[in-house]
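Undergrad: As input, take entry_36.txt (compact mmCIF, C-alpha atoms):
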# COMPACT_ATOMS: atom_id res chain seq x y z
CA MET A 1 -7.39 -24.94 29.58
CA LEU A 2 -10.88 -24.62 28.15
CA SER A 3 -11.60 -26.62 25.03
CA ALA A 4 -13.10 -25.26 21.82
CA CYS A 5 -16.40 -26.77 22.93
CA CYS A 6 -16.27 -25.44 26.48
CA ARG A 7 -19.79 -24.05 26.15
CA SER A 8 -22.69 -25.72 24.37
CA TYR A 9 -24.96 -22.72 24.03
CA VAL A 10 -25.12 -18.95 23.91
CA PRO A 11 -26.92 -17.78 27.08
CA LYS A 12 -30.48 -16.83 26.17
CA GLU A 13 -30.33 -13.46 27.88
CA ARG A 14 -27.31 -12.49 25.75
CA THR A 15 -28.62 -13.85 22.46
CA ILE A 16 -29.75 -11.42 19.77
CA ALA A 17 -32.10 -12.87 17.16
CA PHE A 18 -31.19 -10.91 14.04
CA ASP A 19 -32.44 -11.68 10.53
CA GLY A 20 -29.27 -10.81 8.63
CA ILE A 21 -26.49 -10.37 11.20
CA GLU A 22 -24.60 -13.48 12.23
CA ASN A 23 -22.75 -14.54 15.37
CA ALA A 24 -24.29 -11.72 17.41
CA ARG A 25 -24.46 -11.46 21.18
CA GLU A 26 -24.27 -8.77 23.79
CA LEU A 27 -21.90 -8.64 26.74
CA GLY A 28 -24.62 -7.60 29.17
CA GLY A 29 -25.07 -9.88 32.17
CA LEU A 30 -21.48 -11.08 32.38
CA VAL A 31 -20.16 -10.90 35.95
CA MET A 32 -16.76 -9.33 36.55
CA GLN A 33 -14.18 -10.37 39.14
CA ASP A 34 -15.27 -7.65 41.56
CA GLY A 35 -18.85 -8.96 41.50
CA ARG A 36 -20.27 -6.19 39.33
CA THR A 37 -22.25 -7.00 36.19
CA ILE A 38 -22.10 -5.53 32.68
CA ARG A 39 -25.20 -3.49 31.89
CA TYR A 40 -27.60 -4.98 29.37
CA GLY A 41 -28.34 -3.12 26.14
CA LYS A 42 -24.95 -1.41 25.81
CA LEU A 43 -22.27 -3.60 24.23
CA VAL A 44 -22.75 -5.81 21.16
CA ARG A 45 -20.37 -7.99 19.10
CA SER A 46 -21.33 -9.48 15.74
CA GLY A 47 -20.52 -10.33 12.16
CA GLU A 48 -20.73 -7.74 9.37
CA LEU A 49 -23.89 -5.70 8.78
CA SER A 50 -24.28 -5.76 5.01
CA LYS A 51 -27.45 -7.87 5.21
CA ALA A 52 -29.01 -6.20 8.23
CA SER A 53 -32.78 -6.08 7.75
CA ASP A 54 -35.17 -3.28 8.67
CA ALA A 55 -36.14 -5.34 11.70
CA ASP A 56 -32.47 -5.69 12.67
CA VAL A 57 -31.98 -1.93 12.50
CA ALA A 58 -35.11 -1.35 14.55
CA LEU A 59 -33.89 -3.81 17.18
CA LEU A 60 -30.49 -2.15 17.38
CA LYS A 61 -32.12 1.22 17.90
CA LYS A 62 -34.77 0.07 20.38
CA ARG A 63 -32.89 -2.48 22.50
CA PHE A 64 -29.44 -0.92 22.37
CA ALA A 65 -30.00 2.75 21.48
CA LEU A 66 -27.12 2.18 19.08
CA SER A 67 -24.88 5.19 18.52
CA ASP A 68 -21.55 3.73 17.38
CA ILE A 69 -20.34 0.92 15.11
CA PHE A 70 -16.68 -0.11 14.91
CA ASP A 71 -15.64 -2.07 11.81
CA PHE A 72 -12.41 -4.08 12.07
CA ARG A 73 -12.43 -5.31 8.46
CA PHE A 74 -9.89 -4.32 5.82
CA ASP A 75 -10.80 -2.23 2.78
CA LYS A 76 -11.59 -5.06 0.36
CA GLU A 77 -14.04 -6.60 2.82
CA ARG A 78 -15.76 -3.28 3.40
CA SER A 79 -16.05 -2.44 -0.29
CA SER A 80 -17.43 -5.86 -1.25
CA LYS A 81 -19.92 -6.00 1.63
CA PRO A 82 -20.47 -2.48 2.95
CA ASP A 83 -22.31 -2.11 6.24
CA ARG A 84 -25.87 -0.98 6.01
CA GLU A 85 -26.05 2.69 6.86
CA ILE A 86 -28.08 3.42 10.00
CA GLU A 87 -29.33 6.96 10.48
CA GLY A 88 -27.84 8.67 13.49
CA VAL A 89 -25.16 6.02 14.01
CA THR A 90 -21.43 6.73 13.58
CA ASN A 91 -19.52 3.99 11.74
CA THR A 92 -15.78 4.04 12.46
CA TRP A 93 -13.36 2.00 10.36
CA LEU A 94 -10.41 0.55 12.31
CA SER A 95 -8.82 -2.25 10.29
CA THR A 96 -6.95 -4.52 12.71
CA LEU A 97 -5.70 -7.34 10.51
CA PRO A 98 -1.91 -7.01 9.91
CA GLN A 99 -0.94 -6.31 6.32
CA ALA A 100 1.13 -9.49 6.08
CA PHE A 101 -2.01 -11.58 6.51
CA LEU A 102 -4.32 -9.73 4.13
CA ALA A 103 -3.60 -11.68 0.97
CA GLY A 104 -3.83 -15.13 2.49
CA PHE A 105 -6.89 -14.51 4.58
CA SER A 106 -8.83 -12.44 2.05
CA SER A 107 -8.48 -15.14 -0.59
CA GLY A 108 -8.56 -18.28 1.51
CA ARG A 109 -10.85 -17.83 4.48
CA ALA A 110 -14.27 -19.31 4.87
CA ASP A 111 -17.09 -16.81 4.71
CA SER A 112 -20.24 -17.48 6.71
CA THR A 113 -22.39 -16.63 3.69
CA THR A 114 -20.72 -19.26 1.52
CA VAL A 115 -19.55 -21.79 4.07
CA GLN A 116 -22.11 -24.38 2.96
CA SER A 117 -20.63 -24.46 -0.55
CA ALA A 118 -19.35 -27.94 -1.39
CA ASN A 119 -16.54 -26.50 -3.53
CA LEU A 120 -15.37 -24.25 -0.71
CA LEU A 121 -15.47 -27.09 1.80
CA GLU A 122 -13.36 -29.25 -0.50
CA ALA A 123 -10.87 -26.44 -1.05
CA LEU A 124 -10.47 -25.80 2.66
CA ALA A 125 -10.25 -29.51 3.42
CA SER A 126 -7.30 -29.70 1.03
CA TYR A 127 -5.70 -26.46 2.24
CA ALA A 128 -5.82 -27.69 5.85
CA PHE A 129 -3.06 -30.20 5.08
CA HIS A 130 -0.58 -27.52 3.95
CA PRO A 131 2.02 -26.82 6.68
CA LYS A 132 2.32 -23.18 5.63
CA ALA A 133 -1.45 -22.72 5.93
CA GLN A 134 -1.39 -24.27 9.39
CA GLU A 135 1.48 -22.01 10.39
CA MET A 136 -0.36 -18.94 9.09
CA ALA A 137 -3.42 -19.80 11.15
CA GLN A 138 -1.35 -20.31 14.29
CA LYS A 139 0.45 -16.99 13.86
CA LEU A 140 -2.68 -14.91 13.21
CA TYR A 141 -3.63 -14.15 16.81
CA PRO A 142 -0.09 -13.25 17.93
CA ALA A 143 0.24 -11.06 14.84
CA ILE A 144 -3.00 -9.24 15.64
CA VAL A 145 -2.06 -8.42 19.22
CA MET A 146 1.60 -7.61 18.58
CA ASP A 147 1.19 -5.59 15.36
CA THR A 148 1.71 -1.93 16.24
CA THR A 149 -0.95 -0.69 13.82
CA SER A 150 -3.50 -3.12 15.25
CA GLN A 151 -2.56 -2.03 18.75
CA LYS A 152 -3.11 1.62 17.87
CA ARG A 153 -6.50 0.92 16.33
CA TYR A 154 -7.70 -1.27 19.17
CA GLY A 155 -6.74 1.57 21.49
CA GLU A 156 -8.85 3.95 19.40
CA PHE A 157 -11.67 1.40 19.56
CA LEU A 158 -11.59 1.23 23.34
CA ARG A 159 -11.65 5.01 23.62
CA GLY A 160 -14.55 5.07 21.15
CA VAL A 161 -16.51 2.59 23.28
CA LEU A 162 -15.78 4.68 26.35
CA LYS A 163 -17.08 7.84 24.65
CA ALA A 164 -20.13 6.28 22.96
CA ASP A 165 -23.36 8.19 23.67
CA GLY A 166 -25.50 5.08 23.28
CA GLY A 167 -24.93 1.42 22.55
CA ALA A 168 -21.69 0.32 20.87
CA LEU A 169 -21.38 -2.53 18.33
CA TRP A 170 -18.15 -3.89 16.90
CA HIS A 171 -17.61 -6.44 14.18
CA CYS A 172 -15.29 -7.92 11.58
CA SER A 173 -16.45 -10.24 8.81
CA GLN A 174 -17.67 -13.23 10.80
CA GLY A 175 -17.55 -11.62 14.24
CA LYS A 176 -15.02 -14.05 15.65
CA ASP A 177 -11.27 -13.30 15.42
CA ARG A 178 -10.70 -9.54 15.15
CA CYS A 179 -14.06 -8.90 16.75
CA GLY A 180 -13.25 -11.53 19.39
CA TRP A 181 -10.06 -9.75 20.35
CA GLY A 182 -11.95 -6.46 20.56
CA SER A 183 -14.37 -8.14 22.95
CA ALA A 184 -11.50 -9.56 24.97
CA PHE A 185 -10.04 -6.09 25.37
CA VAL A 186 -13.39 -4.60 26.42
CA LEU A 187 -13.90 -7.39 28.93
CA ALA A 188 -10.37 -6.98 30.28
CA ALA A 189 -10.93 -3.24 30.74
CA LEU A 190 -14.13 -4.03 32.65
CA GLY A 191 -12.34 -6.47 34.95
CA ALA A 192 -13.41 -9.85 33.57
CA SER A 193 -11.60 -13.01 34.58
CA ARG A 194 -9.57 -14.92 32.03
CA GLU A 195 -12.16 -17.70 32.15
CA THR A 196 -14.97 -15.29 31.24
CA ILE A 197 -12.92 -13.83 28.38
CA VAL A 198 -12.09 -17.27 26.97
CA GLU A 199 -15.68 -18.52 27.30
CA ASP A 200 -17.06 -15.55 25.39
CA PHE A 201 -14.45 -15.97 22.67
CA ALA A 202 -15.26 -19.68 22.32
CA LEU A 203 -18.97 -19.06 21.76
CA SER A 204 -18.27 -18.29 18.10
CA ASN A 205 -17.75 -22.04 17.68
CA VAL A 206 -21.36 -22.50 18.75
CA SER A 207 -22.56 -20.05 16.09
CA TYR A 208 -20.64 -21.84 13.34
CA ALA A 209 -20.89 -25.39 14.73
CA PRO A 210 -22.65 -26.99 11.70
CA ALA A 211 -19.97 -25.78 9.27
CA ILE A 212 -17.12 -26.69 11.62
CA GLU A 213 -18.51 -30.18 12.15
CA ALA A 214 -19.07 -30.75 8.43
CA LEU A 215 -15.57 -29.76 7.44
CA SER A 216 -13.95 -31.52 10.42
CA ALA A 217 -15.61 -34.74 9.30
CA LYS A 218 -14.01 -34.33 5.87
CA ILE A 219 -10.64 -33.77 7.50
CA VAL A 220 -10.93 -36.93 9.58
CA GLU A 221 -11.97 -38.91 6.49
CA LYS A 222 -8.79 -37.74 4.78
CA GLY A 223 -6.66 -38.86 7.72
CA GLY A 224 -6.16 -35.47 9.27
CA GLY A 225 -5.22 -34.93 12.90
CA GLU A 226 -5.17 -32.10 15.42
CA ALA A 227 -3.05 -29.78 13.24
CA GLU A 228 -5.55 -30.00 10.38
CA LEU A 229 -8.58 -29.72 12.69
CA GLY A 230 -7.00 -26.72 14.40
CA PHE A 231 -6.69 -25.03 11.03
CA ILE A 232 -10.38 -25.63 10.33
CA ARG A 233 -11.40 -24.19 13.69
CA ALA A 234 -9.28 -21.13 12.97
CA MET A 235 -10.73 -20.65 9.50
CA ILE A 236 -14.43 -21.22 10.12
CA GLY A 237 -14.68 -20.95 13.89
CA VAL A 238 -12.09 -19.95 16.44
CA ASN A 239 -9.07 -21.85 17.73
CA VAL A 240 -9.49 -21.47 21.49
CA GLU A 241 -6.17 -23.14 22.28
CA ASN A 242 -4.35 -20.63 20.09
CA PHE A 243 -6.29 -17.81 21.75
CA GLU A 244 -5.15 -18.99 25.17
CA ARG A 245 -1.55 -19.35 24.01
CA THR A 246 -1.71 -15.76 22.78
CA LEU A 247 -3.08 -14.63 26.15
CA ASP A 248 -0.06 -16.38 27.69
CA LEU A 249 2.18 -14.47 25.28
CA ILE A 250 0.61 -11.18 26.39
CA ASP A 251 1.09 -12.13 30.04
CA SER A 252 4.74 -13.03 29.47
CA GLN A 253 5.53 -9.75 27.74
CA TYR A 254 3.29 -7.31 29.62
CA GLY A 255 2.45 -8.99 32.91
CA SER A 256 -1.31 -9.04 32.41
CA LEU A 257 -3.99 -8.27 29.86
CA GLN A 258 -4.90 -5.09 31.72
CA ALA A 259 -1.26 -3.96 31.58
CA TYR A 260 -1.23 -4.74 27.85
CA LEU A 261 -4.22 -2.42 27.40
CA GLU A 262 -2.26 0.38 29.03
CA LYS A 263 1.23 -0.24 27.66
CA ALA A 264 0.45 -1.48 24.14
CA LEU A 265 -2.97 -0.01 23.36
CA GLY A 266 -2.52 3.24 25.28
CA PHE A 267 -5.76 2.70 27.19
CA THR A 268 -4.81 3.97 30.61
CA ALA A 269 -5.70 2.59 34.02
CA GLN A 270 -7.81 5.71 34.57
CA GLU A 271 -9.69 5.06 31.32
CA GLN A 272 -10.23 1.45 32.38
CA GLU A 273 -11.80 2.70 35.62
CA SER A 274 -13.99 5.10 33.65
CA MET A 275 -15.08 2.18 31.45
CA LYS A 276 -16.14 0.27 34.57
CA LYS A 277 -18.12 3.21 35.92
CA LYS A 278 -19.93 3.56 32.60
CA TYR A 279 -20.79 -0.05 31.83
CA LEU A 280 -20.95 -1.91 35.16
CA LEU A 281 -23.76 -2.21 37.68
Starting from the file, give its structure as structure tokens.
TA:
Amino acid sequence: MLSACCRSYVPKERTIAFDGIENARELGGLVMQDGRTIRYGKLVRSGELSKASDADVALLKKRFALSDIFDFRFDKERSSKPDREIEGVTNTWLSTLPQAFLAGFSSGRADSTTVQSANLLEALASYAFHPKAQEMAQKLYPAIVMDTTSQKRYGEFLRGVLKADGGALWHCSQGKDRCGWGSAFVLAALGASRETIVEDFALSNVSYAPAIEALSAKIVEKGGGEAELGFIRAMIGVNVENFERTLDLIDSQYGSLQAYLEKALGFTAQEQESMKKKYLL
């Protein structure tokens, strides 16, 4: 099993240096199990786009010929921090967070724009010791992948990526959980190994490492252990162990991640082959 710190850097060739878009990287350059490579300048994952600068927009248009954005946030997130409109780009809203989790996560999650706030750090450090909060964090990933509404919308997302005329970008708020699962599904459709999928997911912990380390130190000072630290990784970064357990859950119920795409998301084997033809070299 890969640890939450399984990679210490985001590969330079996949890094995107935006001014106002966080946790951004492209999938180009990743090698699939059949030896083919994802094309550069086609597939981007990131945090929300409300603070995208003029230079960011220019980069998206020039480097990625961006044509489609897929927003996995729920309505309150979108209304409070609407994406910057980009001329000629279609923005599709596909909320993938189950309704049962909206209240807890909309009011209690760390936000990358405020994560340095001392008050917020103290609040989360305290919340991490609540068993119900820990349970909620552990159940989030299984809820996302097993919720029928989320499954439908991720299926729509995959078909949207397949049909995109230019580059495709997908995001949630911080570009880690809902966005991370979207990336996992794209990579699975393209034929990535489990190791590649997990490594890409874990890179969000590199993006948010300073905040994770700061809050983890507070947890340790308060006598917290792995349960509390796992909650912090889930709230500010990603909990890679929980991600892998959820992949195991998918395997146990569907046989493989590729079978899950077909049976649960409705993204057929033929569409998966078409995705490979479009995005692989």
Undergrad: So that I can check the surroundings of segment 217-219 of chain A, please list as a list in words every protein, DNA and RNA residue that reaches within 9 Å of it, counting only C-alpha atoms and ignoring chain neighbours fewer than 2 positions away.
TA: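 Final neighbour list, sorted by chain and number: Leu121, Glu122, Ala125, Ser126, Ala128, Phe129, Ile212, Glu213, Ala214, Leu215, Glu221, Lys222, Gly223, Gly224, Gly225, Glu228, Leu229 and Ile232 of chain A.
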Undergrad: Given the choices A:Phe18, A:Tyr40, A:Phe72, A:Tyr127, which gets closest to Tyr154 of chain A if the distance is worked out from only C-alpha atoms?
TA: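 Under the stated criterion, the closest residue is A:Phe72.
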Undergrad: Just give me the gap between atom CA of Pro98 of chain A and atom CA of Ile21 of chain A in Å, one decimal is fine.
TA: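 For atom CA of Pro98 of chain A relative to atom CA of Ile21 of chain A, the distance reads 24.8 Å.
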Undergrad: Could you check which of A:Ala164, A:Ala65, A:Ile236, A:Leu261 is closest to Asn205 of chain A, using only C-alpha atoms?
TA: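 Answer, going by the shortest atom-to-atom distance: A:Ile236.
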Undergrad: Atom CA of Ser67 of chain A and atom CA of Gly167 of chain A, how far apart in Å?
TA: 5.5 Å
Undergrad: May I have the residues within 9 Å of segment 133-149 of chain A as an MDAnalysis selection string, using all atoms listed in the file and disregarding those fewer than 4 positions away in the same chain?
TA: chainID A and resid 95:98 100:101 104 127:129 153:154 177:178 181 227:228 230:231 234:235 239 242:243 245:247 249:250 264:265
Undergrad: Name all residues at most 9 Å from Leu162 of chain A (count all atoms listed in the file; drop same-chain ones fewer than 4 positions away) and give them as a VMD selection string.
TA: chain A and resid 157 to 158 271 to 272 274 to 275 278 to 279
Undergrad: Which is closest to Arg194 of chain A among A:Leu257, A:Ile69, A:Leu280, A:Ala269, if we use only C-alpha atoms?
TA: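 That would be A:Leu257, the residue with the smallest distance to Arg194 of chain A.
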Undergrad: Would you compute the distance between atom CA of Lys276 of chain A and atom CA of Ala189 of chain A? Give it in Å to one decimal.
TA: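 Taking atom CA of Lys276 of chain A as the start and atom CA of Ala189 of chain A as the end point, the length is 7.4 Å.
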Undergrad: Scan for residues within 9 Å of the point (-25.9, -11.3, 16.1) in the coordinates of the file, using only C-alpha atoms, and reply as a list of chain:residue names.
TA: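 Those residues lying close to the given coordinates are A:Thr15, A:Ile16, A:Ala17, A:Phe18, A:Asp19, A:Gly20, A:Ile21, A:Glu22, A:Asn23, A:Ala24, A:Arg25, A:Glu26, A:Val44, A:Arg45, A:Ser46, A:Gly47, A:Gly175.
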Undergrad: Could you check the closest approach to Lys152 of chain A for each of A:Leu190, A:Leu94, A:Leu124, A:Val89 and tell me which residue wins, using only C-alpha atoms?
TA: A:Leu94
Undergrad: Name the closest residue to Glu244 of chain A among the candidates A:Glu199, A:Asp34, A:Glu273, A:Glu156; distances are taken between atoms, counting all atoms listed in the file.
TA: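 Residue with the minimum atom-to-atom distance to Glu244 of chain A: A:Glu199.
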Undergrad: Give me the residues near Glu87 of chain A as a tab-separated table (two decimals) with C-alpha atoms, in the coordinates of the input, where near means some atom within 10 Å (using all atoms listed in the file) and where sequence neighbours in that chain fewer than 3 positions away do not count.
TA:
chain	number	residue	atom	x	y	z
A	57	VAL	CA	-31.98	-1.93	12.50
A	61	LYS	CA	-32.12	1.22	17.90
A	67	SER	CA	-24.88	5.19	18.52
A	84	ARG	CA	-25.87	-0.98	6.01
A	90	THR	CA	-21.43	6.73	13.58
Undergrad: May I ask which of the residues A:Glu85, A:Val238, A:Leu281, A:Leu187 is the closest one to Asp54 of chain A, counting only C-alpha atoms?
TA: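 Among the listed residues, the smallest separation from Asp54 of chain A belongs to A:Glu85.
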Undergrad: Starting from the incomplete input, reconstruct N, CA, C and O atoms of segment 222-237 of chain A and report them as an mmCIF file, in the coordinates of the input.
TA:
data_model
loop_
_atom_site.group_PDB
_atom_site.id
_atom_site.type_symbol
_atom_site.label_atom_id
_atom_site.label_comp_id
_atom_site.auth_asym_id
_atom_site.auth_seq_id
_atom_site.Cartn_x
_atom_site.Cartn_y
_atom_site.Cartn_z
ATOM 1 N N LYS A 222 -10.027 -37.809 5.550
ATOM 2 C CA LYS A 222 -8.790 -37.740 4.780
ATOM 3 C C LYS A 222 -7.560 -38.083 5.611
ATOM 4 O O LYS A 222 -6.435 -37.975 5.136
ATOM 5 N N GLY A 223 -7.772 -38.471 6.877
ATOM 6 C CA GLY A 223 -6.660 -38.860 7.720
ATOM 7 C C GLY A 223 -6.025 -37.731 8.497
ATOM 8 O O GLY A 223 -4.929 -37.884 9.043
ATOM 9 N N GLY A 224 -6.702 -36.610 8.563
ATOM 10 C CA GLY A 224 -6.160 -35.470 9.270
ATOM 11 C C GLY A 224 -6.200 -35.628 10.778
ATOM 12 O O GLY A 224 -7.015 -36.387 11.318
ATOM 13 N N GLY A 225 -5.309 -34.899 11.446
ATOM 14 C CA GLY A 225 -5.220 -34.930 12.900
ATOM 15 C C GLY A 225 -5.470 -33.561 13.503
ATOM 16 O O GLY A 225 -6.123 -32.708 12.902
ATOM 17 N N GLU A 226 -4.901 -33.335 14.678
ATOM 18 C CA GLU A 226 -5.170 -32.100 15.420
ATOM 19 C C GLU A 226 -4.681 -30.863 14.676
ATOM 20 O O GLU A 226 -5.320 -29.821 14.730
ATOM 21 N N ALA A 227 -3.564 -30.953 13.967
ATOM 22 C CA ALA A 227 -3.050 -29.780 13.240
ATOM 23 C C ALA A 227 -4.049 -29.344 12.175
ATOM 24 O O ALA A 227 -4.320 -28.140 12.011
ATOM 25 N N GLU A 228 -4.597 -30.314 11.436
ATOM 26 C CA GLU A 228 -5.550 -30.000 10.380
ATOM 27 C C GLU A 228 -6.884 -29.504 10.968
ATOM 28 O O GLU A 228 -7.485 -28.550 10.469
ATOM 29 N N LEU A 229 -7.326 -30.146 12.049
ATOM 30 C CA LEU A 229 -8.580 -29.720 12.690
ATOM 31 C C LEU A 229 -8.430 -28.343 13.317
ATOM 32 O O LEU A 229 -9.365 -27.542 13.310
ATOM 33 N N GLY A 230 -7.250 -28.047 13.847
ATOM 34 C CA GLY A 230 -7.000 -26.720 14.400
ATOM 35 C C GLY A 230 -7.079 -25.648 13.327
ATOM 36 O O GLY A 230 -7.578 -24.549 13.571
ATOM 37 N N PHE A 231 -6.593 -25.979 12.144
ATOM 38 C CA PHE A 231 -6.690 -25.030 11.030
ATOM 39 C C PHE A 231 -8.145 -24.756 10.678
ATOM 40 O O PHE A 231 -8.533 -23.611 10.449
ATOM 41 N N ILE A 232 -8.969 -25.791 10.656
ATOM 42 C CA ILE A 232 -10.380 -25.630 10.330
ATOM 43 C C ILE A 232 -11.080 -24.769 11.377
ATOM 44 O O ILE A 232 -11.875 -23.876 11.047
ATOM 45 N N ARG A 233 -10.792 -25.014 12.646
ATOM 46 C CA ARG A 233 -11.400 -24.190 13.690
ATOM 47 C C ARG A 233 -11.001 -22.728 13.531
ATOM 48 O O ARG A 233 -11.806 -21.824 13.752
ATOM 49 N N ALA A 234 -9.743 -22.506 13.141
ATOM 50 C CA ALA A 234 -9.280 -21.130 12.970
ATOM 51 C C ALA A 234 -9.922 -20.462 11.766
ATOM 52 O O ALA A 234 -10.157 -19.247 11.771
ATOM 53 N N MET A 235 -10.210 -21.234 10.726
ATOM 54 C CA MET A 235 -10.730 -20.650 9.500
ATOM 55 C C MET A 235 -12.234 -20.406 9.543
ATOM 56 O O MET A 235 -12.727 -19.400 9.057
ATOM 57 N N ILE A 236 -12.979 -21.340 10.119
ATOM 58 C CA ILE A 236 -14.430 -21.220 10.120
ATOM 59 C C ILE A 236 -14.951 -20.812 11.494
ATOM 60 O O ILE A 236 -15.897 -20.036 11.602
ATOM 61 N N GLY A 237 -14.333 -21.354 12.528
ATOM 62 C CA GLY A 237 -14.680 -20.950 13.890
ATOM 63 C C GLY A 237 -13.517 -20.218 14.506
ATOM 64 O O GLY A 237 -12.874 -19.393 13.856
#
